[in-house]
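Listing of my_file_15.txt, compact mmCIF, C-alpha atoms
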```txt
# COMPACT_ATOMS: atom_id res chain seq x y z
CA MET A 1 21.98 -1.84 17.62
CA THR A 2 22.25 -0.69 21.22
CA ASP A 3 20.14 -1.83 24.11
CA LYS A 4 18.47 0.92 26.07
CA LYS A 5 18.50 0.82 29.83
CA LYS A 6 15.13 0.68 31.52
CA ASP A 7 14.28 2.91 34.46
CA ASP A 8 14.64 0.08 36.96
CA GLY A 9 18.19 -0.53 35.83
CA ALA A 10 17.47 -3.80 33.98
CA ILE A 11 18.60 -4.13 30.41
CA GLY A 12 15.75 -4.70 27.98
CA GLU A 13 16.22 -7.63 25.65
CA ILE A 14 15.54 -7.74 21.96
CA GLU A 15 15.32 -11.16 20.37
CA MET A 16 16.19 -11.33 16.69
CA THR A 17 15.78 -14.07 14.11
CA LEU A 18 17.83 -13.97 10.93
CA ILE A 19 16.46 -16.18 8.17
CA SER A 20 18.66 -17.08 5.22
CA SER A 21 17.37 -16.87 1.66
CA ARG A 22 18.19 -20.58 1.32
CA HIS A 23 15.85 -21.47 4.16
CA LEU A 24 13.13 -19.10 3.00
CA ASN A 25 13.25 -20.38 -0.58
CA GLY A 26 12.63 -23.90 0.71
CA LEU A 27 9.32 -22.91 2.27
CA THR A 28 5.87 -22.60 0.73
CA LEU A 29 4.21 -19.19 0.92
CA PRO A 30 1.89 -20.19 3.81
CA GLU A 31 4.92 -21.58 5.67
CA LYS A 32 6.87 -18.35 5.13
CA ILE A 33 3.98 -16.23 6.36
CA ARG A 34 3.39 -18.47 9.39
CA LEU A 35 7.10 -18.31 10.27
CA ILE A 36 7.14 -14.50 10.08
CA ILE A 37 3.88 -13.84 11.90
CA ASP A 38 4.66 -16.35 14.67
CA GLY A 39 8.05 -14.70 15.16
CA VAL A 40 6.58 -11.21 15.31
CA LYS A 41 3.79 -12.30 17.66
CA ASP A 42 6.53 -13.69 19.90
CA ASN A 43 7.93 -10.14 20.03
CA LYS A 44 10.93 -11.02 17.87
CA ILE A 45 12.56 -8.92 15.18
CA VAL A 46 12.68 -11.06 12.05
CA ILE A 47 15.29 -10.29 9.40
CA LEU A 48 14.95 -11.90 6.00
CA GLU A 49 18.19 -12.12 4.02
CA GLN A 50 16.40 -11.70 0.72
CA GLY A 51 12.92 -10.52 1.63
CA LEU A 52 9.61 -11.30 0.00
CA SER A 53 8.26 -10.59 -3.45
CA PRO A 54 5.57 -7.88 -3.68
CA THR A 55 2.79 -10.46 -4.05
CA GLU A 56 4.13 -12.36 -1.06
CA GLU A 57 4.24 -9.11 0.91
CA SER A 58 0.61 -8.35 0.08
CA GLN A 59 -0.31 -11.88 1.20
CA LEU A 60 1.60 -11.22 4.45
CA ILE A 61 -0.41 -8.03 4.96
CA GLU A 62 -3.69 -9.89 4.37
CA SER A 63 -2.73 -12.58 6.88
CA THR A 64 -1.60 -9.96 9.38
CA MET A 65 -4.97 -8.20 9.16
CA VAL A 66 -6.74 -11.49 9.87
CA GLU A 67 -4.62 -12.03 13.00
CA ILE A 68 -4.90 -8.57 14.51
CA ASP A 69 -6.25 -8.86 18.03
CA PRO A 70 -6.99 -5.63 19.90
CA ASN A 71 -5.70 -7.12 23.14
CA ALA A 72 -2.54 -8.76 21.90
CA PHE A 73 -1.40 -8.00 18.35
CA SER A 74 -1.77 -4.73 16.46
CA GLY A 75 0.13 -5.72 13.37
CA LEU A 76 3.66 -5.50 12.14
CA GLU A 77 6.18 -3.06 10.80
CA ILE A 78 7.99 -4.18 7.69
CA GLU A 79 10.86 -2.29 6.15
CA SER A 80 13.18 -2.90 3.25
CA TYR A 81 15.08 -0.80 0.75
CA ALA A 82 13.25 0.47 -2.29
CA PRO A 83 13.54 -2.01 -5.16
CA ASP A 84 16.07 -1.35 -7.89
CA SER A 85 14.32 0.64 -10.60
CA SER A 86 17.37 1.51 -12.65
CA TRP A 87 17.20 1.92 -16.41
CA PHE A 88 19.00 -1.44 -16.68
CA HIS A 89 16.12 -3.23 -14.96
CA ARG A 90 13.52 -1.31 -16.94
CA ILE A 91 15.12 -2.06 -20.31
CA LEU A 92 15.44 -5.75 -19.51
CA ARG A 93 11.92 -5.72 -17.99
CA ARG A 94 13.32 -7.56 -15.02
CA ARG A 95 11.24 -7.70 -11.92
CA PRO A 96 12.98 -6.03 -9.01
CA ARG A 97 14.61 -8.52 -6.68
CA ALA A 98 13.27 -8.70 -3.15
CA GLN A 99 15.57 -6.83 -0.75
CA MET A 100 16.83 -7.59 2.73
CA THR A 101 13.82 -6.98 4.95
CA ILE A 102 13.32 -6.33 8.64
CA ILE A 103 9.96 -7.17 10.21
CA GLY A 104 8.87 -6.63 13.78
CA PRO A 105 5.93 -5.94 16.05
CA ALA A 106 4.30 -2.60 15.19
CA LYS A 107 4.99 -1.35 18.71
CA LYS A 108 8.66 -2.26 18.72
CA LEU A 109 10.03 -1.38 15.31
CA ARG A 110 10.08 2.10 13.81
CA ALA A 111 11.70 3.31 10.64
CA ILE A 112 13.37 6.66 11.20
CA LYS A 113 14.74 7.43 7.80
CA LYS A 114 14.67 5.50 4.60
CA ASP A 115 15.98 6.03 1.12
CA ARG A 116 16.88 3.85 -1.81
CA ASP A 117 19.97 2.36 -0.22
CA MET A 118 19.78 2.93 3.51
CA LEU A 119 17.34 2.34 6.32
CA ASP A 120 17.61 3.77 9.83
CA ALA A 121 15.33 2.06 12.29
CA VAL A 122 14.77 2.02 16.01
CA VAL A 123 13.90 -1.14 17.90
CA LEU A 124 12.33 -0.48 21.27
CA ALA A 125 13.59 -2.75 24.02
CA THR A 126 11.17 -4.76 26.16
CA GLY A 127 9.27 -2.59 28.58
CA GLU A 128 9.50 0.51 26.42
CA GLU A 129 6.41 -0.13 24.36
CA GLN A 130 3.94 2.68 24.14
CA MET B 131 -8.64 -18.99 -4.13
CA GLY B 132 -4.84 -18.64 -3.90
CA TRP B 133 -3.03 -15.47 -4.92
CA ALA B 134 -1.35 -17.21 -7.87
CA THR B 135 -4.72 -18.35 -9.28
CA ARG B 136 -6.17 -14.89 -8.73
CA LEU B 137 -3.20 -13.31 -10.49
CA ARG B 138 -3.53 -15.63 -13.52
CA ARG B 139 -7.28 -15.04 -13.80
CA SER B 140 -6.97 -11.24 -13.63
CA SER B 141 -4.11 -11.28 -16.17
CA LEU B 142 -6.28 -13.27 -18.60
CA ARG B 143 -9.17 -10.84 -18.16
CA ARG B 144 -6.91 -7.85 -18.85
CA TRP B 145 -5.37 -9.57 -21.89
CA LEU B 146 -8.84 -10.19 -23.34
CA ARG B 147 -9.66 -6.53 -22.84
CA ARG B 148 -6.51 -5.49 -24.65
CA VAL B 149 -7.16 -7.85 -27.56
CA PHE B 150 -10.80 -6.96 -28.00
CA GLY B 151 -10.43 -3.28 -27.33
CA LYS B 152 -10.78 -1.34 -24.12
CA ARG B 153 -13.38 1.37 -24.24
CA HIS B 154 -14.05 1.17 -20.55
CA ALA B 155 -11.48 1.20 -17.75
CA ARG B 156 -12.07 0.23 -14.14
CA ILE B 157 -9.73 2.47 -12.17
CA GLY B 158 -8.72 1.63 -8.62
CA ILE B 159 -7.74 4.47 -6.31
CA TYR B 160 -5.09 3.04 -4.01
CA GLY B 161 -2.68 4.31 -1.40
CA PRO B 162 -1.81 4.47 2.27
CA THR B 163 -4.27 5.84 4.82
CA ASN B 164 -4.95 9.59 4.85
CA SER B 165 -3.27 10.22 1.51
CA GLY B 166 -6.49 11.68 0.08
CA LYS B 167 -7.95 8.78 -1.90
CA THR B 168 -11.60 9.51 -1.16
CA THR B 169 -11.05 13.24 -1.62
CA LEU B 170 -9.71 12.42 -5.10
CA ALA B 171 -12.59 10.01 -5.82
CA ASN B 172 -15.03 12.74 -4.78
CA ARG B 173 -13.23 15.28 -6.97
CA ILE B 174 -13.46 13.06 -10.06
CA ALA B 175 -17.06 12.01 -9.39
CA ARG B 176 -18.19 15.57 -8.64
CA ASP B 177 -16.47 16.99 -11.74
CA TRP B 178 -18.15 14.53 -14.12
CA THR B 179 -21.39 13.44 -12.40
CA GLY B 180 -22.11 16.16 -9.83
CA GLU B 181 -22.15 13.58 -7.01
CA VAL B 182 -19.62 12.52 -4.38
CA MET B 183 -18.59 9.01 -3.40
CA GLY B 184 -18.04 9.09 0.35
CA PRO B 185 -17.19 11.05 3.48
CA THR B 186 -13.65 12.11 4.36
CA SER B 187 -12.05 12.59 7.76
CA GLU B 188 -8.73 13.37 9.42
CA ILE B 189 -9.17 10.13 11.39
CA PRO B 190 -7.38 7.33 9.52
CA HIS B 191 -9.40 4.51 7.95
CA GLU B 192 -12.50 6.63 7.32
CA THR B 193 -13.09 4.54 4.19
CA ARG B 194 -13.41 0.93 5.35
CA ARG B 195 -15.33 -0.60 2.46
CA VAL B 196 -14.68 -0.34 -1.25
CA ARG B 197 -16.96 2.19 -2.96
CA ARG B 198 -17.72 2.16 -6.67
CA LYS B 199 -19.12 4.61 -9.13
CA SER B 200 -19.79 3.37 -12.65
CA ASN B 201 -19.98 4.84 -16.12
CA ILE B 202 -18.17 8.13 -15.65
CA SER B 203 -17.16 9.80 -18.90
CA VAL B 204 -13.97 11.86 -18.59
CA GLN B 205 -13.38 14.25 -21.48
CA THR B 206 -10.54 16.61 -22.18
CA ASN B 207 -8.99 18.13 -25.33
CA GLY B 208 -11.45 16.31 -27.58
CA ALA B 209 -10.61 12.87 -26.19
CA SER B 210 -12.70 10.85 -23.77
CA LEU B 211 -12.41 7.86 -21.47
CA ASN B 212 -15.25 5.92 -19.86
CA ILE B 213 -14.36 4.74 -16.40
CA ASP B 214 -15.60 3.07 -13.26
CA ILE B 215 -14.02 4.49 -10.12
CA VAL B 216 -13.18 2.08 -7.31
CA ASP B 217 -12.28 3.95 -4.12
CA THR B 218 -10.43 1.57 -1.80
CA PRO B 219 -9.67 1.63 1.93
CA GLY B 220 -6.11 2.65 2.80
CA ILE B 221 -3.57 -0.13 2.98
CA ALA B 222 -1.65 -0.54 6.24
CA THR B 223 0.42 -3.19 8.00
CA LYS B 224 -0.76 -2.27 11.49
CA ILE B 225 -4.04 -1.13 13.01
CA ASP B 226 -4.29 -0.28 16.69
CA TYR B 227 -7.66 0.83 18.05
CA ARG B 228 -5.88 3.02 20.61
CA ASP B 229 -4.72 5.28 17.77
CA PHE B 230 -8.36 6.17 17.05
CA MET B 231 -8.95 7.04 20.71
CA GLY B 232 -6.33 9.75 20.23
CA TYR B 233 -8.87 11.47 17.96
CA GLY B 234 -11.50 11.52 20.71
CA MET B 235 -13.32 8.30 19.83
CA ASN B 236 -14.50 6.08 22.68
CA LYS B 237 -13.06 2.60 23.18
CA LYS B 238 -16.04 0.71 21.80
CA ASP B 239 -16.21 2.73 18.59
CA SER B 240 -12.44 2.61 18.22
CA ARG B 241 -12.36 -1.17 18.46
CA ARG B 242 -15.18 -1.47 15.94
CA ARG B 243 -13.42 0.92 13.57
CA ALA B 244 -10.19 -1.09 13.91
CA LYS B 245 -11.99 -4.35 13.14
CA GLU B 246 -13.66 -2.84 10.08
CA ALA B 247 -10.36 -1.32 8.98
CA THR B 248 -8.61 -4.72 8.97
CA GLU B 249 -11.38 -6.07 6.74
CA GLY B 250 -11.03 -3.02 4.50
CA VAL B 251 -7.31 -3.60 3.96
CA ILE B 252 -7.99 -7.19 2.88
CA GLU B 253 -10.76 -6.03 0.55
CA SER B 254 -8.44 -3.43 -1.02
CA ILE B 255 -5.74 -6.01 -1.75
CA ARG B 256 -8.25 -8.48 -3.25
CA TRP B 257 -9.69 -5.81 -5.52
CA LEU B 258 -6.32 -5.59 -7.26
CA ASP B 259 -7.46 -8.65 -9.23
CA ASP B 260 -10.45 -6.84 -10.69
CA ILE B 261 -9.17 -3.48 -11.85
CA ASP B 262 -7.57 -2.33 -15.09
CA CYS B 263 -5.54 0.71 -14.01
CA VAL B 264 -4.54 2.42 -10.79
CA LEU B 265 -4.32 5.93 -9.45
CA LEU B 266 -1.82 5.55 -6.61
CA VAL B 267 -2.30 8.48 -4.25
CA MET B 268 0.66 9.63 -2.17
CA ASP B 269 0.83 12.47 0.32
CA SER B 270 3.40 15.00 -0.96
CA LEU B 271 4.20 15.99 2.62
CA GLN B 272 5.29 12.48 3.59
CA ASP B 273 8.42 10.48 2.84
CA PRO B 274 7.49 8.45 -0.26
CA PHE B 275 9.77 5.51 0.62
CA THR B 276 7.20 3.79 2.80
CA GLN B 277 6.79 0.05 2.71
CA VAL B 278 3.11 0.41 1.81
CA ASN B 279 3.98 2.49 -1.27
CA ILE B 280 6.75 0.08 -2.26
CA THR B 281 4.51 -2.96 -1.78
CA ILE B 282 1.60 -1.50 -3.73
CA LEU B 283 3.84 -0.44 -6.62
CA GLY B 284 5.53 -3.84 -6.64
CA ASN B 285 2.16 -5.55 -6.89
CA LEU B 286 1.04 -3.27 -9.73
CA GLU B 287 4.28 -3.93 -11.61
CA ALA B 288 3.92 -7.70 -11.08
CA ARG B 289 0.40 -7.51 -12.51
CA LYS B 290 1.52 -5.17 -15.31
CA LEU B 291 -1.23 -2.71 -14.38
CA PRO B 292 -0.89 0.83 -15.76
CA VAL B 293 -0.38 3.25 -12.87
CA LEU B 294 -0.38 7.00 -12.42
CA ILE B 295 1.06 8.30 -9.18
CA VAL B 296 -0.92 11.23 -7.82
CA ALA B 297 1.35 13.45 -5.73
CA ASN B 298 -1.48 14.88 -3.65
CA LYS B 299 -1.77 17.85 -1.28
CA VAL B 300 0.42 20.23 -3.28
CA ASP B 301 -1.75 23.08 -1.96
CA LEU B 302 -0.03 22.69 1.41
CA PRO B 303 3.25 24.40 2.30
CA ASP B 304 6.23 22.02 2.51
CA SER B 305 4.70 19.63 -0.02
CA SER B 306 7.37 17.98 -2.13
CA PRO B 307 6.04 16.21 -5.23
CA SER B 308 9.61 16.19 -6.60
CA ALA B 309 10.58 13.74 -3.82
CA ILE B 310 7.94 11.34 -5.16
CA ARG B 311 9.23 11.75 -8.72
CA GLU B 312 12.77 11.03 -7.57
CA ALA B 313 11.66 8.02 -5.54
CA PHE B 314 9.71 6.35 -8.33
CA PRO B 315 11.15 7.60 -11.63
CA GLN B 316 9.79 4.61 -13.54
CA HIS B 317 6.18 5.84 -13.21
CA PRO B 318 4.39 9.02 -14.35
CA VAL B 319 3.67 11.42 -11.48
CA VAL B 320 0.96 14.09 -11.49
CA PRO B 321 1.32 16.74 -8.76
CA MET B 322 -2.12 18.04 -7.75
CA SER B 323 -4.50 18.89 -4.95
CA ALA B 324 -7.61 16.74 -4.79
CA LEU B 325 -8.99 19.14 -2.20
CA THR B 326 -8.67 22.39 -4.17
CA GLY B 327 -8.70 20.90 -7.67
CA ALA B 328 -5.32 22.41 -8.57
CA ASN B 329 -3.85 20.60 -11.59
CA VAL B 330 -6.85 18.28 -11.90
CA ASP B 331 -6.97 18.94 -15.66
CA LYS B 332 -3.45 17.54 -15.92
CA LEU B 333 -4.65 14.43 -14.12
CA TYR B 334 -7.52 13.94 -16.56
CA GLY B 335 -5.16 14.41 -19.50
CA ALA B 336 -2.74 11.88 -18.06
CA MET B 337 -5.56 9.38 -17.40
CA ILE B 338 -6.67 9.58 -21.02
CA GLU B 339 -3.08 9.27 -22.22
CA HIS B 340 -2.13 6.30 -20.02
CA PHE B 341 -5.39 4.43 -19.38
CA ARG B 342 -7.16 4.53 -22.72
```
If you took the structure in this file and wrote it as structure tokens, what would it be?
Amino acid sequence: MTDKKKDDGAIGEIEMTLISSRHLNGLTLPEKIRLIIDGVKDNKIVILEQGLSPTEESQLIESTMVEIDPNAFSGLEIESYAPDSSWFHRILRRRPRAQMTIIGPAKKLRAIKKDRDMLDAVVLATGEEQ
Amino acid sequence: MGWATRLRRSSLRRWLRRVFGKRHARIGIYGPTNSGKTTLANRIARDWTGEVMGPTSEIPHETRRVRRKSNISVQTNGASLNIDIVDTPGIATKIDYRDFMGYGMNKKDSRRRAKEATEGVIESIRWLDDIDCVLLVMDSLQDPFTQVNITILGNLEARKLPVLIVANKVDLPDSSPSAIREAFPQHPVVPMSALTGANVDKLYGAMIEHFR
């Protein structure tokens, strides 16, 4: 990831938090959601090593909607790879494993291109929000 | 009530329906904003009851409360299916009132619409506990690998809900229903236009085949 230079010559900063699957698995669902939303509201990019399950993601969306504040927080952008839907998973009726996931403030994080195995995203540096 | 309790309760209700026979299916119309959910709900309701369910608009989050229409009988090729249609607000991870101002709305109305839209997203997600099958509407002009699509499908798979993906807007140039098929090969996909009615008979046939 490259920092973009602001017009005044200062380098914008992007703060990132990487959370291991070990740490995430030790938390309850409300604790996970609090950790993610607090990070995003602090303008951080949060990267989860192993992501959330679909039901956890829907709970995260519900909690995000509750916290939206027109003056301060317009929600989050969450991106991960598409889950593995190979014939192997379907035959074994295995639930797809949660994938590495990147979450950030809606105004800072944008997915550019996404397919099953690759995600291109742009993170806007401080001061470049629209 | 926690999500785990809600999930267990809805699974039990669906199991009882399967055991004792399902003659009636409550079908949720889900999808991201502006994919054409209400246009599809109107198409189905108009075809079988002569009435529509709600207004549509190019401004996102036009549908901000769940709308229901009960006891619709869908018939095709000698088979029939009795359904309730549940048209849900579009699911999103972000809602910024300033986006609505870009469509010419004033600040006060935009903020009110944003507030109602957040409540609508929550209502949509909670309704997943009370439906039997889902029509997941995707815009054939958009990249299907969006997080909203992935999250909705993941939730439907976790709940073992039958789902038909509606690849909508095939009447428009540059639509690509094949991209949706390739993205989600594990689910049946029906390319159609809710607006013009193109391929709607295929949708009704697929509903009877998969939801009955």
Q | Straight-line distance linking CA of Gly335 (chain B) with CA of Asn207 (chain B), stated in Å to one decimal | A |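 Rounded to one decimal, the two atoms are 7.9 Å apart.
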Q.
Please list as a list in words every residue within 12 Å of Ile252 (chain B), counting only C-alpha atoms and excluding residues in the same chain fewer than 4 positions away.
A. Ser58, Gln59, Leu60, Ile61, Glu62, Ser63, Thr64, Met65, Val66 and Glu67 of chain A; Arg194, Arg195, Val196, Thr218, Pro219, Gly220, Ile221, Ala222, Thr223, Lys245, Glu246, Ala247, Thr248, Arg256, Trp257 and Leu258 of chain B
Using C-alpha atoms, can you write the selected residues to a file as a PDB file, in the coordinates of the input?
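Saved to part.pdb:
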```pdb
ATOM      1  CA  SER A  58       0.610  -8.350   0.080  1.00  0.00           C
ATOM      2  CA  GLN A  59      -0.310 -11.880   1.200  1.00  0.00           C
ATOM      3  CA  LEU A  60       1.600 -11.220   4.450  1.00  0.00           C
ATOM      4  CA  ILE A  61      -0.410  -8.030   4.960  1.00  0.00           C
ATOM      5  CA  GLU A  62      -3.690  -9.890   4.370  1.00  0.00           C
ATOM      6  CA  SER A  63      -2.730 -12.580   6.880  1.00  0.00           C
ATOM      7  CA  THR A  64      -1.600  -9.960   9.380  1.00  0.00           C
ATOM      8  CA  MET A  65      -4.970  -8.200   9.160  1.00  0.00           C
ATOM      9  CA  VAL A  66      -6.740 -11.490   9.870  1.00  0.00           C
ATOM     10  CA  GLU A  67      -4.620 -12.030  13.000  1.00  0.00           C
TER      11      GLU A  67
ATOM     12  CA  ARG B 194     -13.410   0.930   5.350  1.00  0.00           C
ATOM     13  CA  ARG B 195     -15.330  -0.600   2.460  1.00  0.00           C
ATOM     14  CA  VAL B 196     -14.680  -0.340  -1.250  1.00  0.00           C
ATOM     15  CA  THR B 218     -10.430   1.570  -1.800  1.00  0.00           C
ATOM     16  CA  PRO B 219      -9.670   1.630   1.930  1.00  0.00           C
ATOM     17  CA  GLY B 220      -6.110   2.650   2.800  1.00  0.00           C
ATOM     18  CA  ILE B 221      -3.570  -0.130   2.980  1.00  0.00           C
ATOM     19  CA  ALA B 222      -1.650  -0.540   6.240  1.00  0.00           C
ATOM     20  CA  THR B 223       0.420  -3.190   8.000  1.00  0.00           C
ATOM     21  CA  LYS B 245     -11.990  -4.350  13.140  1.00  0.00           C
ATOM     22  CA  GLU B 246     -13.660  -2.840  10.080  1.00  0.00           C
ATOM     23  CA  ALA B 247     -10.360  -1.320   8.980  1.00  0.00           C
ATOM     24  CA  THR B 248      -8.610  -4.720   8.970  1.00  0.00           C
ATOM     25  CA  ARG B 256      -8.250  -8.480  -3.250  1.00  0.00           C
ATOM     26  CA  TRP B 257      -9.690  -5.810  -5.520  1.00  0.00           C
ATOM     27  CA  LEU B 258      -6.320  -5.590  -7.260  1.00  0.00           C
TER      28      LEU B 258
END
```
Q: Would you work out the distance separating CA of Pro315 (chain B) from CA of Gly208 (chain B), expressed in Å to one decimal?
A: 29.0 Å
Q) Near Ile225 (chain B), counting all atoms listed in the file, which residues have an atom at most 12 Å away, once you skip same-chain residues fewer than 4 positions from it, shown as JSON, numbers by chain? A) {"A": [61, 64, 65, 66, 67, 68, 69, 70, 71, 72, 73, 74, 75, 76, 77, 105, 106, 107], "B": [163, 190, 191, 220, 221, 229, 230, 240, 241, 242, 243, 244, 245, 246, 247, 248, 249, 250, 251]}
Store the residues picked out above in a file with C-alpha atoms, as a short mmCIF file (atom, residue, chain, number, x, y, z; two decimals), in the coordinates of the input.
```cif
data_model
loop_
_atom_site.label_atom_id
_atom_site.label_comp_id
_atom_site.auth_asym_id
_atom_site.auth_seq_id
_atom_site.Cartn_x
_atom_site.Cartn_y
_atom_site.Cartn_z
CA ILE A 61 -0.41 -8.03 4.96
CA THR A 64 -1.60 -9.96 9.38
CA MET A 65 -4.97 -8.20 9.16
CA VAL A 66 -6.74 -11.49 9.87
CA GLU A 67 -4.62 -12.03 13.00
CA ILE A 68 -4.90 -8.57 14.51
CA ASP A 69 -6.25 -8.86 18.03
CA PRO A 70 -6.99 -5.63 19.90
CA ASN A 71 -5.70 -7.12 23.14
CA ALA A 72 -2.54 -8.76 21.90
CA PHE A 73 -1.40 -8.00 18.35
CA SER A 74 -1.77 -4.73 16.46
CA GLY A 75 0.13 -5.72 13.37
CA LEU A 76 3.66 -5.50 12.14
CA GLU A 77 6.18 -3.06 10.80
CA PRO A 105 5.93 -5.94 16.05
CA ALA A 106 4.30 -2.60 15.19
CA LYS A 107 4.99 -1.35 18.71
CA THR B 163 -4.27 5.84 4.82
CA PRO B 190 -7.38 7.33 9.52
CA HIS B 191 -9.40 4.51 7.95
CA GLY B 220 -6.11 2.65 2.80
CA ILE B 221 -3.57 -0.13 2.98
CA ASP B 229 -4.72 5.28 17.77
CA PHE B 230 -8.36 6.17 17.05
CA SER B 240 -12.44 2.61 18.22
CA ARG B 241 -12.36 -1.17 18.46
CA ARG B 242 -15.18 -1.47 15.94
CA ARG B 243 -13.42 0.92 13.57
CA ALA B 244 -10.19 -1.09 13.91
CA LYS B 245 -11.99 -4.35 13.14
CA GLU B 246 -13.66 -2.84 10.08
CA ALA B 247 -10.36 -1.32 8.98
CA THR B 248 -8.61 -4.72 8.97
CA GLU B 249 -11.38 -6.07 6.74
CA GLY B 250 -11.03 -3.02 4.50
CA VAL B 251 -7.31 -3.60 3.96
#
```
Q. Rounded to one decimal in Å, what is the spacing between CA of Ser270 (chain B) and CA of Asp217 (chain B)?
A.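 Between these atoms lies a distance of 19.4 Å.
For the set B:Asp269, B:Asp239, B:Asp214, B:Asp331, the residue with the smallest atom-to-atom gap to Pro307 (chain B) is B:Asp269, counting only C-alpha atoms.
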Q: Have a look at A:Gly26, A:Pro54, A:Leu124, A:Arg34 and name the one nearest to chain B; count all atoms listed in the file.
A: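 Checking each of A:Gly26, A:Pro54, A:Leu124, A:Arg34 against chain B, counting all atoms listed in the file, the winner is A:Pro54.
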Q: Mind checking which residues fall within 6 Å of region 295-300 of chain B, counting all atoms listed in the file, ignoring those fewer than 5 positions away in the same chain, and posting them as an MDAnalysis selection string?
A: chainID B and resid 265:270 305 307 319:323
Q: Find the residue from A:Ile14, A:Val122, A:Ile78, A:Met100 that sits nearest to chain B; use all atoms listed in the file when measuring.
A: A:Ile78
Could region 316-321 of chain B be completed with all heavy atoms and written as a PDB file, keeping the file's coordinate frame, please?
```
ATOM      1  N   GLN B 316      10.286   5.491 -12.480  1.00  0.00           N
ATOM      2  CA  GLN B 316       9.790   4.610 -13.540  1.00  0.00           C
ATOM      3  C   GLN B 316       8.300   4.800 -13.825  1.00  0.00           C
ATOM      4  O   GLN B 316       7.759   4.176 -14.738  1.00  0.00           O
ATOM      5  CB  GLN B 316      10.062   3.130 -13.184  1.00  0.00           C
ATOM      6  CG  GLN B 316       9.257   2.562 -12.030  1.00  0.00           C
ATOM      7  CD  GLN B 316       9.851   2.811 -10.670  1.00  0.00           C
ATOM      8  OE1 GLN B 316      10.408   3.869 -10.409  1.00  0.00           O
ATOM      9  NE2 GLN B 316       9.714   1.853  -9.776  1.00  0.00           N
ATOM     10  N   HIS B 317       7.619   5.656 -13.029  1.00  0.00           N
ATOM     11  CA  HIS B 317       6.180   5.840 -13.210  1.00  0.00           C
ATOM     12  C   HIS B 317       5.841   7.331 -13.394  1.00  0.00           C
ATOM     13  O   HIS B 317       6.495   8.191 -12.797  1.00  0.00           O
ATOM     14  CB  HIS B 317       5.414   5.317 -11.981  1.00  0.00           C
ATOM     15  CG  HIS B 317       5.554   3.844 -11.811  1.00  0.00           C
ATOM     16  ND1 HIS B 317       4.975   2.934 -12.654  1.00  0.00           N
ATOM     17  CD2 HIS B 317       6.243   3.113 -10.893  1.00  0.00           C
ATOM     18  CE1 HIS B 317       5.285   1.701 -12.262  1.00  0.00           C
ATOM     19  NE2 HIS B 317       6.052   1.780 -11.201  1.00  0.00           N
ATOM     20  N   PRO B 318       4.813   7.619 -14.202  1.00  0.00           N
ATOM     21  CA  PRO B 318       4.390   9.020 -14.350  1.00  0.00           C
ATOM     22  C   PRO B 318       3.804   9.546 -13.040  1.00  0.00           C
ATOM     23  O   PRO B 318       3.083   8.824 -12.343  1.00  0.00           O
ATOM     24  CB  PRO B 318       3.330   8.966 -15.452  1.00  0.00           C
ATOM     25  CG  PRO B 318       2.882   7.553 -15.508  1.00  0.00           C
ATOM     26  CD  PRO B 318       4.014   6.705 -15.031  1.00  0.00           C
ATOM     27  N   VAL B 319       4.146  10.797 -12.722  1.00  0.00           N
ATOM     28  CA  VAL B 319       3.670  11.420 -11.480  1.00  0.00           C
ATOM     29  C   VAL B 319       2.928  12.704 -11.831  1.00  0.00           C
ATOM     30  O   VAL B 319       3.427  13.527 -12.602  1.00  0.00           O
ATOM     31  CB  VAL B 319       4.865  11.749 -10.543  1.00  0.00           C
ATOM     32  CG1 VAL B 319       4.381  12.497  -9.300  1.00  0.00           C
ATOM     33  CG2 VAL B 319       5.605  10.475 -10.148  1.00  0.00           C
ATOM     34  N   VAL B 320       1.733  12.866 -11.278  1.00  0.00           N
ATOM     35  CA  VAL B 320       0.960  14.090 -11.490  1.00  0.00           C
ATOM     36  C   VAL B 320       0.829  14.812 -10.152  1.00  0.00           C
ATOM     37  O   VAL B 320       0.133  14.338  -9.254  1.00  0.00           O
ATOM     38  CB  VAL B 320      -0.451  13.778 -12.044  1.00  0.00           C
ATOM     39  CG1 VAL B 320      -1.227  15.073 -12.271  1.00  0.00           C
ATOM     40  CG2 VAL B 320      -0.365  12.981 -13.327  1.00  0.00           C
ATOM     41  N   PRO B 321       1.492  15.967  -9.995  1.00  0.00           N
ATOM     42  CA  PRO B 321       1.320  16.740  -8.760  1.00  0.00           C
ATOM     43  C   PRO B 321      -0.031  17.453  -8.798  1.00  0.00           C
ATOM     44  O   PRO B 321      -0.361  18.096  -9.809  1.00  0.00           O
ATOM     45  CB  PRO B 321       2.465  17.757  -8.793  1.00  0.00           C
ATOM     46  CG  PRO B 321       3.303  17.393  -9.984  1.00  0.00           C
ATOM     47  CD  PRO B 321       2.457  16.593 -10.901  1.00  0.00           C
TER      48      PRO B 321
END
```
